[in-house]
$ cat input_6.txt   # compact mmCIF, C-alpha atoms
# COMPACT_ATOMS: atom_id res chain seq x y z
CA MET A 1 78.64 164.95 145.18
CA SER A 2 77.47 162.05 143.01
CA ARG A 3 79.23 161.15 139.78
CA PRO A 4 78.53 163.36 136.80
CA ILE A 5 76.24 162.28 133.97
CA ASP A 6 78.18 161.42 130.79
CA PHE A 7 76.45 162.89 127.76
CA TYR A 8 77.78 161.63 124.41
CA PHE A 9 76.46 163.26 121.24
CA ASP A 10 77.24 163.93 117.60
CA PHE A 11 76.62 167.48 116.39
CA ALA A 12 74.89 166.05 113.29
CA SER A 13 72.37 164.18 115.44
CA PRO A 14 68.93 165.80 115.67
CA TYR A 15 68.14 163.65 118.70
CA GLY A 16 71.37 164.82 120.33
CA PHE A 17 70.15 168.37 119.81
CA ILE A 18 66.78 167.60 121.38
CA ALA A 19 68.54 166.03 124.38
CA SER A 20 70.89 169.04 124.66
CA THR A 21 67.90 171.29 125.29
CA ALA A 22 66.59 169.16 128.17
CA ILE A 23 69.53 167.54 129.95
CA ASP A 24 70.58 170.56 132.02
CA GLU A 25 67.25 170.67 133.82
CA ILE A 26 67.30 166.93 134.51
CA ALA A 27 70.85 167.11 135.91
CA THR A 28 70.15 170.18 138.01
CA ARG A 29 67.10 168.56 139.57
CA ALA A 30 69.25 165.54 140.49
CA LYS A 31 72.15 167.74 141.69
CA ARG A 32 74.52 166.18 139.16
CA ASN A 33 77.06 167.70 136.83
CA ILE A 34 77.19 166.77 133.15
CA VAL A 35 80.30 165.83 131.21
CA TRP A 36 79.59 166.85 127.59
CA ARG A 37 81.32 164.52 125.13
CA PRO A 38 80.92 165.15 121.39
CA PHE A 39 82.02 162.26 119.21
CA LEU A 40 81.72 161.23 115.57
CA LEU A 41 78.99 158.72 114.76
CA GLY A 42 80.87 158.12 111.52
CA ALA A 43 83.63 156.44 113.55
CA VAL A 44 81.05 154.08 115.05
CA PHE A 45 79.53 153.26 111.68
CA GLN A 46 83.00 152.68 110.25
CA LYS A 47 83.87 150.27 113.05
CA PHE A 48 80.65 148.29 112.62
CA LYS A 49 80.74 148.65 108.80
CA GLN A 50 77.08 149.72 108.89
CA SER A 51 75.25 153.00 108.76
CA PRO A 52 71.60 152.99 109.80
CA LEU A 53 70.95 156.00 107.59
CA GLU A 54 71.86 153.99 104.50
CA HIS A 55 68.40 152.46 104.78
CA PRO A 56 66.47 154.84 102.54
CA ALA A 57 63.22 154.26 104.42
CA LYS A 58 64.88 154.86 107.79
CA ARG A 59 66.68 157.95 106.60
CA GLU A 60 63.46 159.34 105.17
CA TYR A 61 61.67 158.60 108.43
CA VAL A 62 64.32 160.11 110.69
CA ASN A 63 64.97 163.12 108.48
CA ASN A 64 61.50 164.03 107.25
CA ARG A 65 59.29 162.76 110.02
CA ASP A 66 60.43 161.69 113.40
CA ALA A 67 63.16 164.12 114.40
CA LEU A 68 61.33 167.29 113.42
CA ARG A 69 58.02 165.96 114.74
CA SER A 70 59.63 165.07 118.09
CA GLY A 71 61.11 168.56 118.20
CA ARG A 72 57.77 170.23 117.46
CA LEU A 73 56.21 168.37 120.35
CA LYS A 74 58.82 170.02 122.60
CA GLY A 75 58.35 173.46 121.06
CA LEU A 76 61.51 173.29 118.94
CA ALA A 77 61.07 174.46 115.34
CA MET A 78 63.89 172.37 113.91
CA LYS A 79 65.35 172.67 110.42
CA THR A 80 67.44 169.93 108.85
CA PRO A 81 70.67 171.43 107.44
CA GLN A 82 71.33 171.03 103.73
CA ASN A 83 73.54 168.03 102.94
CA TRP A 84 72.66 166.40 106.26
CA PRO A 85 74.18 164.18 107.61
CA GLU A 86 77.79 165.38 107.44
CA HIS A 87 80.79 164.60 109.65
CA SER A 88 80.90 166.92 112.65
CA ILE A 89 84.65 167.41 112.81
CA PRO A 90 84.94 171.23 113.08
CA PRO A 91 82.53 171.79 116.01
CA SER A 92 83.84 168.70 117.82
CA ARG A 93 87.44 169.95 117.63
CA ILE A 94 86.45 173.46 118.66
CA PHE A 95 84.55 171.95 121.59
CA TYR A 96 87.61 170.05 122.85
CA TRP A 97 89.83 173.09 122.39
CA ILE A 98 87.49 175.12 124.62
CA ASP A 99 87.02 172.14 126.95
CA GLN A 100 90.71 172.02 127.84
CA GLN A 101 90.44 175.64 129.02
CA ASP A 102 86.94 175.65 130.51
CA PRO A 103 84.49 172.69 130.39
CA GLU A 104 81.53 174.88 131.24
CA ALA A 105 82.27 177.21 128.35
CA ALA A 106 82.62 174.14 126.12
CA ALA A 107 79.12 173.02 127.11
CA GLY A 108 77.90 176.51 126.25
CA TYR A 109 79.58 176.20 122.85
CA ALA A 110 77.96 172.81 122.27
CA LYS A 111 74.50 174.18 122.99
CA ALA A 112 75.06 177.21 120.74
CA ALA A 113 76.50 175.10 117.89
CA TYR A 114 73.57 172.71 118.16
CA LYS A 115 71.10 175.61 117.87
CA THR A 116 72.89 176.97 114.82
CA CYS A 117 72.70 173.56 113.22
CA TRP A 118 69.19 172.49 114.15
CA LEU A 119 67.20 175.69 114.71
CA GLU A 120 68.82 177.75 111.95
CA GLY A 121 69.57 174.78 109.70
CA LYS A 122 73.20 175.85 109.18
CA SER A 123 75.50 172.84 109.25
CA THR A 124 78.42 173.29 111.59
CA ALA A 125 80.22 170.66 109.51
CA ASN A 126 81.16 173.87 107.73
CA ALA A 127 84.31 175.06 109.56
CA GLU A 128 83.51 178.73 109.07
CA LEU A 129 80.04 178.39 110.56
CA ALA A 130 81.40 176.32 113.45
CA THR A 131 83.98 179.07 114.03
CA ASP A 132 81.33 181.81 113.87
CA VAL A 133 79.53 180.15 116.78
CA ALA A 134 82.71 180.35 118.87
CA THR A 135 83.42 184.00 117.99
CA SER A 136 79.82 184.89 118.88
CA LEU A 137 80.68 183.57 122.36
CA GLY A 138 83.77 185.79 122.56
CA PHE A 139 86.51 183.46 121.34
CA ASP A 140 89.21 184.75 119.02
CA ARG A 141 88.70 183.79 115.37
CA ASP A 142 92.37 183.14 114.62
CA GLN A 143 92.79 180.98 117.70
CA VAL A 144 89.68 178.97 116.87
CA SER A 145 90.79 178.47 113.27
CA ALA A 146 94.19 177.32 114.48
CA ALA A 147 92.58 174.94 116.98
CA ILE A 148 90.70 173.13 114.19
CA GLN A 149 94.06 172.26 112.60
CA ASP A 150 95.95 171.65 115.86
CA GLN A 151 97.37 168.11 115.99
CA ALA A 152 96.85 167.83 119.75
CA ILE A 153 93.16 168.67 119.32
CA LYS A 154 92.84 166.24 116.41
CA ASP A 155 94.37 163.55 118.61
CA ARG A 156 92.03 164.43 121.46
CA LEU A 157 88.96 163.93 119.27
CA VAL A 158 90.28 160.58 118.02
CA ALA A 159 90.95 159.54 121.62
CA GLU A 160 87.45 160.60 122.67
CA ASN A 161 85.91 158.64 119.78
CA ASN A 162 87.87 155.54 120.78
CA ALA A 163 86.92 155.96 124.42
CA ALA A 164 83.25 156.24 123.44
CA LEU A 165 83.48 153.11 121.30
CA ASP A 166 85.25 151.23 124.10
CA ARG A 167 82.45 152.19 126.44
CA GLY A 168 79.82 150.75 124.10
CA VAL A 169 78.47 153.98 122.63
CA PHE A 170 76.78 153.19 119.30
CA GLY A 171 74.34 156.05 118.76
CA SER A 172 73.59 159.67 119.61
CA PRO A 173 72.71 160.83 122.15
CA PHE A 174 74.12 158.25 124.52
CA ILE A 175 73.96 158.87 128.24
CA PHE A 176 75.56 157.10 131.19
CA VAL A 177 74.28 157.51 134.73
CA ASP A 178 76.63 155.64 137.07
CA ASP A 179 77.58 153.35 134.16
CA GLU A 180 73.95 152.60 133.25
CA PRO A 181 73.58 153.27 129.50
CA PHE A 182 70.65 155.09 127.91
CA TRP A 183 70.42 155.56 124.14
CA GLY A 184 68.30 158.23 122.52
CA SER A 185 66.59 161.47 123.45
CA ASP A 186 63.48 159.37 124.06
CA ARG A 187 65.23 157.79 127.04
CA LEU A 188 65.60 161.08 128.91
CA ASP A 189 62.42 160.25 130.80
CA GLN A 190 64.06 157.03 132.01
CA VAL A 191 67.25 158.95 132.87
CA ALA A 192 65.19 161.31 135.01
CA ILE A 193 63.39 158.44 136.76
CA TRP A 194 66.69 156.58 137.34
CA LEU A 195 68.21 159.70 138.88
CA GLU A 196 65.17 160.28 141.07
CA ARG A 197 64.38 156.76 142.25
CA GLY A 198 67.59 154.85 141.61
CA PRO A 199 67.92 151.66 139.55
CA PHE A 200 64.78 149.96 138.23
CA MET B 201 34.37 155.54 111.70
CA SER B 202 37.95 156.72 111.20
CA ARG B 203 40.53 154.55 109.50
CA PRO B 204 42.04 151.78 111.59
CA ILE B 205 45.53 152.03 113.09
CA ASP B 206 48.02 149.77 111.28
CA PHE B 207 50.22 147.97 113.79
CA TYR B 208 53.23 146.17 112.25
CA PHE B 209 55.33 143.98 114.52
CA ASP B 210 57.74 141.06 114.59
CA PHE B 211 57.07 138.42 117.23
CA ALA B 212 60.80 138.43 118.09
CA SER B 213 60.71 142.15 118.88
CA PRO B 214 60.65 143.01 122.59
CA TYR B 215 59.49 146.52 121.74
CA GLY B 216 56.68 145.05 119.65
CA PHE B 217 55.63 143.09 122.72
CA ILE B 218 55.68 146.22 124.90
CA ALA B 219 53.55 148.04 122.32
CA SER B 220 51.14 145.09 122.09
CA THR B 221 50.30 145.54 125.78
CA ALA B 222 49.40 149.21 125.38
CA ILE B 223 47.97 149.78 121.90
CA ASP B 224 44.46 148.49 122.60
CA GLU B 225 43.85 151.15 125.24
CA ILE B 226 45.18 153.92 122.98
CA ALA B 227 42.99 152.80 120.08
CA THR B 228 39.89 152.38 122.24
CA ARG B 229 40.28 155.88 123.66
CA ALA B 230 40.48 157.24 120.10
CA LYS B 231 37.59 155.04 118.89
CA ARG B 232 39.79 153.39 116.28
CA ASN B 233 40.21 149.78 115.28
CA ILE B 234 43.64 148.21 114.95
CA VAL B 235 44.85 146.10 112.04
CA TRP B 236 47.47 143.72 113.51
CA ARG B 237 50.18 142.92 110.97
CA PRO B 238 53.01 140.58 111.97
CA PHE B 239 55.96 140.61 109.59
CA LEU B 240 59.54 139.33 109.56
CA LEU B 241 62.22 141.88 110.40
CA GLY B 242 64.66 139.43 108.79
CA ALA B 243 63.10 140.26 105.42
CA VAL B 244 63.80 143.95 106.03
CA PHE B 245 67.38 143.32 107.09
CA GLN B 246 67.87 141.10 104.05
CA LYS B 247 66.59 143.82 101.72
CA PHE B 248 68.84 146.45 103.25
CA LYS B 249 71.72 144.01 103.72
CA GLN B 250 72.11 145.24 107.30
CA SER B 251 71.06 144.01 110.69
CA PRO B 252 71.20 146.47 113.57
CA LEU B 253 71.65 143.59 116.00
CA GLU B 254 74.94 142.64 114.35
CA HIS B 255 76.44 145.57 116.28
CA PRO B 256 77.58 143.73 119.41
CA ALA B 257 77.26 146.84 121.58
CA LYS B 258 73.75 147.55 120.28
CA ARG B 259 72.64 143.96 120.67
CA GLU B 260 73.99 143.89 124.23
CA TYR B 261 72.21 147.16 124.98
CA VAL B 262 68.86 146.15 123.50
CA ASN B 263 68.93 142.62 124.88
CA ASN B 264 70.43 143.09 128.33
CA ARG B 265 69.45 146.62 129.18
CA ASP B 266 66.93 148.67 127.34
CA ALA B 267 64.11 146.29 126.43
CA LEU B 268 63.82 144.63 129.82
CA ARG B 269 64.32 147.93 131.65
CA SER B 270 61.61 149.60 129.55
CA GLY B 271 59.33 146.68 130.34
CA ARG B 272 60.00 146.88 134.08
CA LEU B 273 59.03 150.53 134.03
CA LYS B 274 55.63 149.43 132.68
CA GLY B 275 55.25 146.60 135.17
CA LEU B 276 56.20 143.87 132.66
CA ALA B 277 58.65 141.27 134.00
CA MET B 278 60.10 140.37 130.63
CA LYS B 279 62.39 137.41 129.90
CA THR B 280 64.49 137.19 126.76
CA PRO B 281 63.99 133.78 125.11
CA GLN B 282 67.04 131.57 124.66
CA ASN B 283 68.58 131.89 121.18
CA TRP B 284 66.96 135.30 120.69
CA PRO B 285 66.58 136.71 118.09
CA GLU B 286 65.11 134.02 115.84
CA HIS B 287 62.88 134.22 112.77
CA SER B 288 59.23 134.42 113.73
CA ILE B 289 57.81 132.29 110.94
CA PRO B 290 55.56 129.85 112.88
CA PRO B 291 53.56 132.41 114.92
CA SER B 292 53.29 134.75 111.92
CA ARG B 293 51.83 132.02 109.73
CA ILE B 294 49.47 130.86 112.47
CA PHE B 295 48.38 134.48 112.89
CA TYR B 296 47.48 134.86 109.20
CA TRP B 297 45.68 131.52 109.18
CA ILE B 298 43.48 132.69 112.06
CA ASP B 299 43.23 136.16 110.54
CA GLN B 300 41.54 134.88 107.38
CA GLN B 301 38.82 133.38 109.59
CA ASP B 302 38.57 136.02 112.33
CA PRO B 303 40.84 139.08 112.62
CA GLU B 304 39.86 139.69 116.24
CA ALA B 305 40.82 136.16 117.22
CA ALA B 306 44.10 136.67 115.36
CA ALA B 307 44.84 139.75 117.47
CA GLY B 308 44.11 137.64 120.53
CA TYR B 309 46.55 135.03 119.28
CA ALA B 310 49.21 137.69 118.71
CA LYS B 311 48.87 138.98 122.25
CA ALA B 312 49.01 135.47 123.71
CA ALA B 313 52.00 134.46 121.57
CA TYR B 314 53.81 137.64 122.58
CA LYS B 315 53.24 136.88 126.27
CA THR B 316 54.55 133.32 125.85
CA CYS B 317 57.64 134.69 124.18
CA TRP B 318 58.40 137.71 126.35
CA LEU B 319 56.86 136.99 129.76
CA GLU B 320 57.60 133.26 129.85
CA GLY B 321 60.76 133.48 127.74
CA LYS B 322 59.62 130.65 125.42
CA SER B 323 60.47 131.45 121.82
CA THR B 324 57.53 131.00 119.48
CA ALA B 325 60.07 130.59 116.68
CA ASN B 326 59.61 127.01 117.91
CA ALA B 327 56.66 125.70 115.87
CA GLU B 328 55.39 123.48 118.67
CA LEU B 329 55.31 126.31 121.19
CA ALA B 330 53.63 128.61 118.65
CA THR B 331 51.05 125.87 118.08
CA ASP B 332 50.52 125.37 121.82
CA VAL B 333 49.50 129.02 122.10
CA ALA B 334 46.82 128.47 119.45
CA THR B 335 45.48 125.28 121.03
CA SER B 336 45.29 127.06 124.40
CA LEU B 337 42.90 129.46 122.66
CA GLY B 338 40.74 126.56 121.41
CA PHE B 339 42.16 125.97 117.92
CA ASP B 340 42.65 122.43 116.66
CA ARG B 341 46.25 121.20 116.83
CA ASP B 342 46.18 119.32 113.52
CA GLN B 343 44.64 122.26 111.68
CA VAL B 344 47.21 124.65 113.12
CA SER B 345 50.09 122.34 112.24
CA ALA B 346 48.75 122.04 108.70
CA ALA B 347 48.38 125.83 108.44
CA ILE B 348 52.09 126.34 109.18
CA GLN B 349 52.90 124.26 106.07
CA ASP B 350 50.05 125.56 103.90
CA GLN B 351 51.36 127.18 100.71
CA ALA B 352 48.57 129.78 100.66
CA ILE B 353 49.51 130.86 104.19
CA LYS B 354 53.22 130.93 103.31
CA ASP B 355 52.38 133.13 100.33
CA ARG B 356 50.25 135.40 102.49
CA LEU B 357 53.15 136.02 104.89
CA VAL B 358 55.51 136.78 102.00
CA ALA B 359 52.92 139.17 100.54
CA GLU B 360 52.50 140.88 103.93
CA ASN B 361 56.27 141.27 104.29
CA ASN B 362 56.50 142.82 100.84
CA ALA B 363 53.59 145.14 101.55
CA ALA B 364 55.25 146.26 104.79
CA LEU B 365 58.53 146.92 102.97
CA ASP B 366 56.71 148.82 100.21
CA ARG B 367 55.10 150.99 102.86
CA GLY B 368 58.46 151.91 104.37
CA VAL B 369 58.39 149.69 107.44
CA PHE B 370 61.96 149.13 108.64
CA GLY B 371 61.61 148.26 112.33
CA SER B 372 59.28 146.80 114.94
CA PRO B 373 56.87 147.96 116.11
CA PHE B 374 55.87 150.27 113.28
CA ILE B 375 52.57 152.08 113.45
CA PHE B 376 50.63 154.09 110.88
CA VAL B 377 47.90 156.51 111.86
CA ASP B 378 46.27 157.84 108.69
CA ASP B 379 49.55 157.15 106.84
CA GLU B 380 51.69 158.97 109.43
CA PRO B 381 54.50 156.58 110.43
CA PHE B 382 55.67 156.00 114.01
CA TRP B 383 58.56 153.66 114.78
CA GLY B 384 59.11 152.10 118.19
CA SER B 385 57.18 151.42 121.36
CA ASP B 386 58.60 154.71 122.65
CA ARG B 387 56.49 156.54 120.05
CA LEU B 388 53.19 155.31 121.47
CA ASP B 389 52.96 158.56 123.44
CA GLN B 390 53.17 160.47 120.14
CA VAL B 391 50.60 158.12 118.57
CA ALA B 392 48.22 158.88 121.44
CA ILE B 393 48.76 162.64 121.10
CA TRP B 394 48.33 162.48 117.30
CA LEU B 395 45.05 160.58 117.72
CA GLU B 396 43.81 163.03 120.34
CA ARG B 397 44.87 166.38 118.86
CA GLY B 398 45.49 165.58 115.21
CA PRO B 399 48.70 166.28 113.27
CA PHE B 400 51.50 168.19 114.98

$ encode --input "input_6.txt" --output "structure tokens"
Amino acid sequence: MSRPIDFYFDFASPYGFIASTAIDEIATRAKRNIVWRPFLLGAVFQKFKQSPLEHPAKREYVNNRDALRSGRLKGLAMKTPQNWPEHSIPPSRIFYWIDQQDPEAAAGYAKAAYKTCWLEGKSTANAELATDVATSLGFDRDQVSAAIQDQAIKDRLVAENNAALDRGVFGSPFIFVDDEPFWGSDRLDQVAIWLERGPF
Amino acid sequence: MSRPIDFYFDFASPYGFIASTAIDEIATRAKRNIVWRPFLLGAVFQKFKQSPLEHPAKREYVNNRDALRSGRLKGLAMKTPQNWPEHSIPPSRIFYWIDQQDPEAAAGYAKAAYKTCWLEGKSTANAELATDVATSLGFDRDQVSAAIQDQAIKDRLVAENNAALDRGVFGSPFIFVDDEPFWGSDRLDQVAIWLERGPF
């Protein structure tokens, strides 16, 4: 089997959400697995000492126009959570806690957490809401709450952030197909073509 | 007739070039005119005290991967000019000098200057090369050279930059259809849908 597709995303990223609703079908068609890799965009912005969303015009455009409009075109009635954008620490840690038991279940958690955030407009930066998503999938509330504070899980997320940075990830979503990088949900069409025809 | 499409672009922007090769057809199909509006992304970055291309990973991605790859997919064999990115002052001033005589000829100049920059890899940040493009279209070399240093033309470009900033332009290309903003050559598909079906 060919190498899996690496799918990097931040739970606070509306474009990551849009990609999360489409990437399964693209991978299945190409007979590839997906490695889901949440990371914190905040760590990227900190490293580069810049945050694109500090541009008021860009933030206004992304938040009030482009993301929701792009979603509508794909039939997704997206809602921006209050206080957006916030750091996505709770869902990212819960993801990696599930991932060390069962990567497929972790991907299921990612998709459910994304829907809670972007279709219901409830920010999973809130630890309780991020935990609710896990319990709705059958995980034990006390175990999930403990995982969020578990040092090994904290370290895992830091390690994943560093690995993403080392690999050149600077935005969300960020996708690698056989080491070829693609940034943005609007590059999924190129990902699909690359998988179908090979390099172009 | 409906309002024209406002097309903002920086001559140093590879995505602006890609858009410049496709926007005529989209506008014609929708029976709209286009107002071509070169501006300097540097002025935007200065205002926001940030430049996205200062991220080494992002610059590497845009320059060595995404822009050229996106071009190839559209049949454009793009070459990144040496010393890219540079300020696009000469072609922008020449554009506005032609524009005050004949907006359609100015659009023709923009398309020709873009091709010189992105298909031949010759940066029109070089005043002589930017002038060559104009003379190849029949303009007088001495008049063009004088225009680049003309205070009224300098002021016009500054005024256009300020107007673009006031309107919320923060990247290139940036397109308005009836005041709806679209950023990026990868939003041309949404521009076409918006023009065909109306707001979504």

$ residues_around --input "input_6.txt" --residues "B:His255" --least-positions-apart "5" --cutoff "12 Å" --atoms "only C-alpha atoms" --output "list in words"
Val44, Phe45, Gln46, Lys47, Phe48, Lys49, Gln50, Ser51, Pro52, Leu165, Gly168, Val169, Phe170 and Gly171 of chain A; Gln250, Glu260, Tyr261, Val262 and Asn263 of chain B

$ interface_residues --input "input_6.txt" --of "chain A" --to "chain B" --cutoff "12 Å" --atoms "only C-alpha atoms" --output "PyMOL selection string"
chain A and resi 44-62+64-77+164-171+174+179-191+193-194+197+199-200

$ closest_residue --input "input_6.txt" --among "B:Ala307, B:Ile353, B:Ile205, B:Ile218" --to "B:Pro238" --atoms "all atoms listed in the file"
B:Ala307

$ atom_distance --input "input_6.txt" --atom1 "atom CA of A:Ala12" --atom2 "atom CA of B:Phe376"
27.2 Å

$ atom_distance --input "input_6.txt" --atom1 "atom CA of B:Asn326" --atom2 "atom CA of B:Tyr314"
13.0 Å

$ atom_distance --input "input_6.txt" --atom1 "atom CA of B:Ser372" --atom2 "atom CA of B:Phe209"
4.9 Å

$ residues_around --input "input_6.txt" --residues "A:Gln82" --least-positions-apart "5" --cutoff "8 Å" --atoms "all atoms listed in the file" --output "PyMOL selection string"
chain A and resi 121-123

$ closest_residue --input "input_6.txt" --among "B:Ala330, B:Ile294, B:Gly398, B:Ala392" --to "B:Asp224" --atoms "only C-alpha atoms"
B:Ala392

$ axis_aligned_box --input "input_6.txt" --around "stretch 360-368 of chain B" --padding-each-side "5 Å" --output "JSON"
{"center_x": 55.5, "center_y": 146.4, "center_z": 102.5, "size_x": 16.0, "size_y": 21.0, "size_z": 14.6}

$ residues_around --input "input_6.txt" --residues "A:Val133" --least-positions-apart "2" --cutoff "9 Å" --atoms "all atoms listed in the file" --output "list in words"
Pro91, Tyr109, Ala112, Ala113, Thr116, Thr124, Glu128, Leu129, Ala130, Thr131, Thr135, Ser136, Leu137 and Phe139 of chain A

$ closest_residue --input "input_6.txt" --among "A:Trp36, A:Tyr96, A:Trp84, A:Phe17" --to "A:Asp155" --atoms "only C-alpha atoms"
A:Tyr96

$ closest_residue --input "input_6.txt" --among "A:Lys154, A:Lys115, A:Arg29, A:Arg3" --to "A:Ser92" --atoms "only C-alpha atoms"
A:Lys154

$ residues_around --input "input_6.txt" --residues "A:Trp97" --least-positions-apart "3" --cutoff "10 Å" --atoms "all atoms listed in the file" --output "list of chain:residue names"
A:Pro91, A:Ser92, A:Arg93, A:Ile94, A:Gln100, A:Gln101, A:Asp102, A:Pro103, A:Ala106, A:Gln143, A:Val144, A:Ala146, A:Ala147, A:Ile148, A:Asp150, A:Ala152, A:Ile153, A:Lys154, A:Arg156, A:Leu157
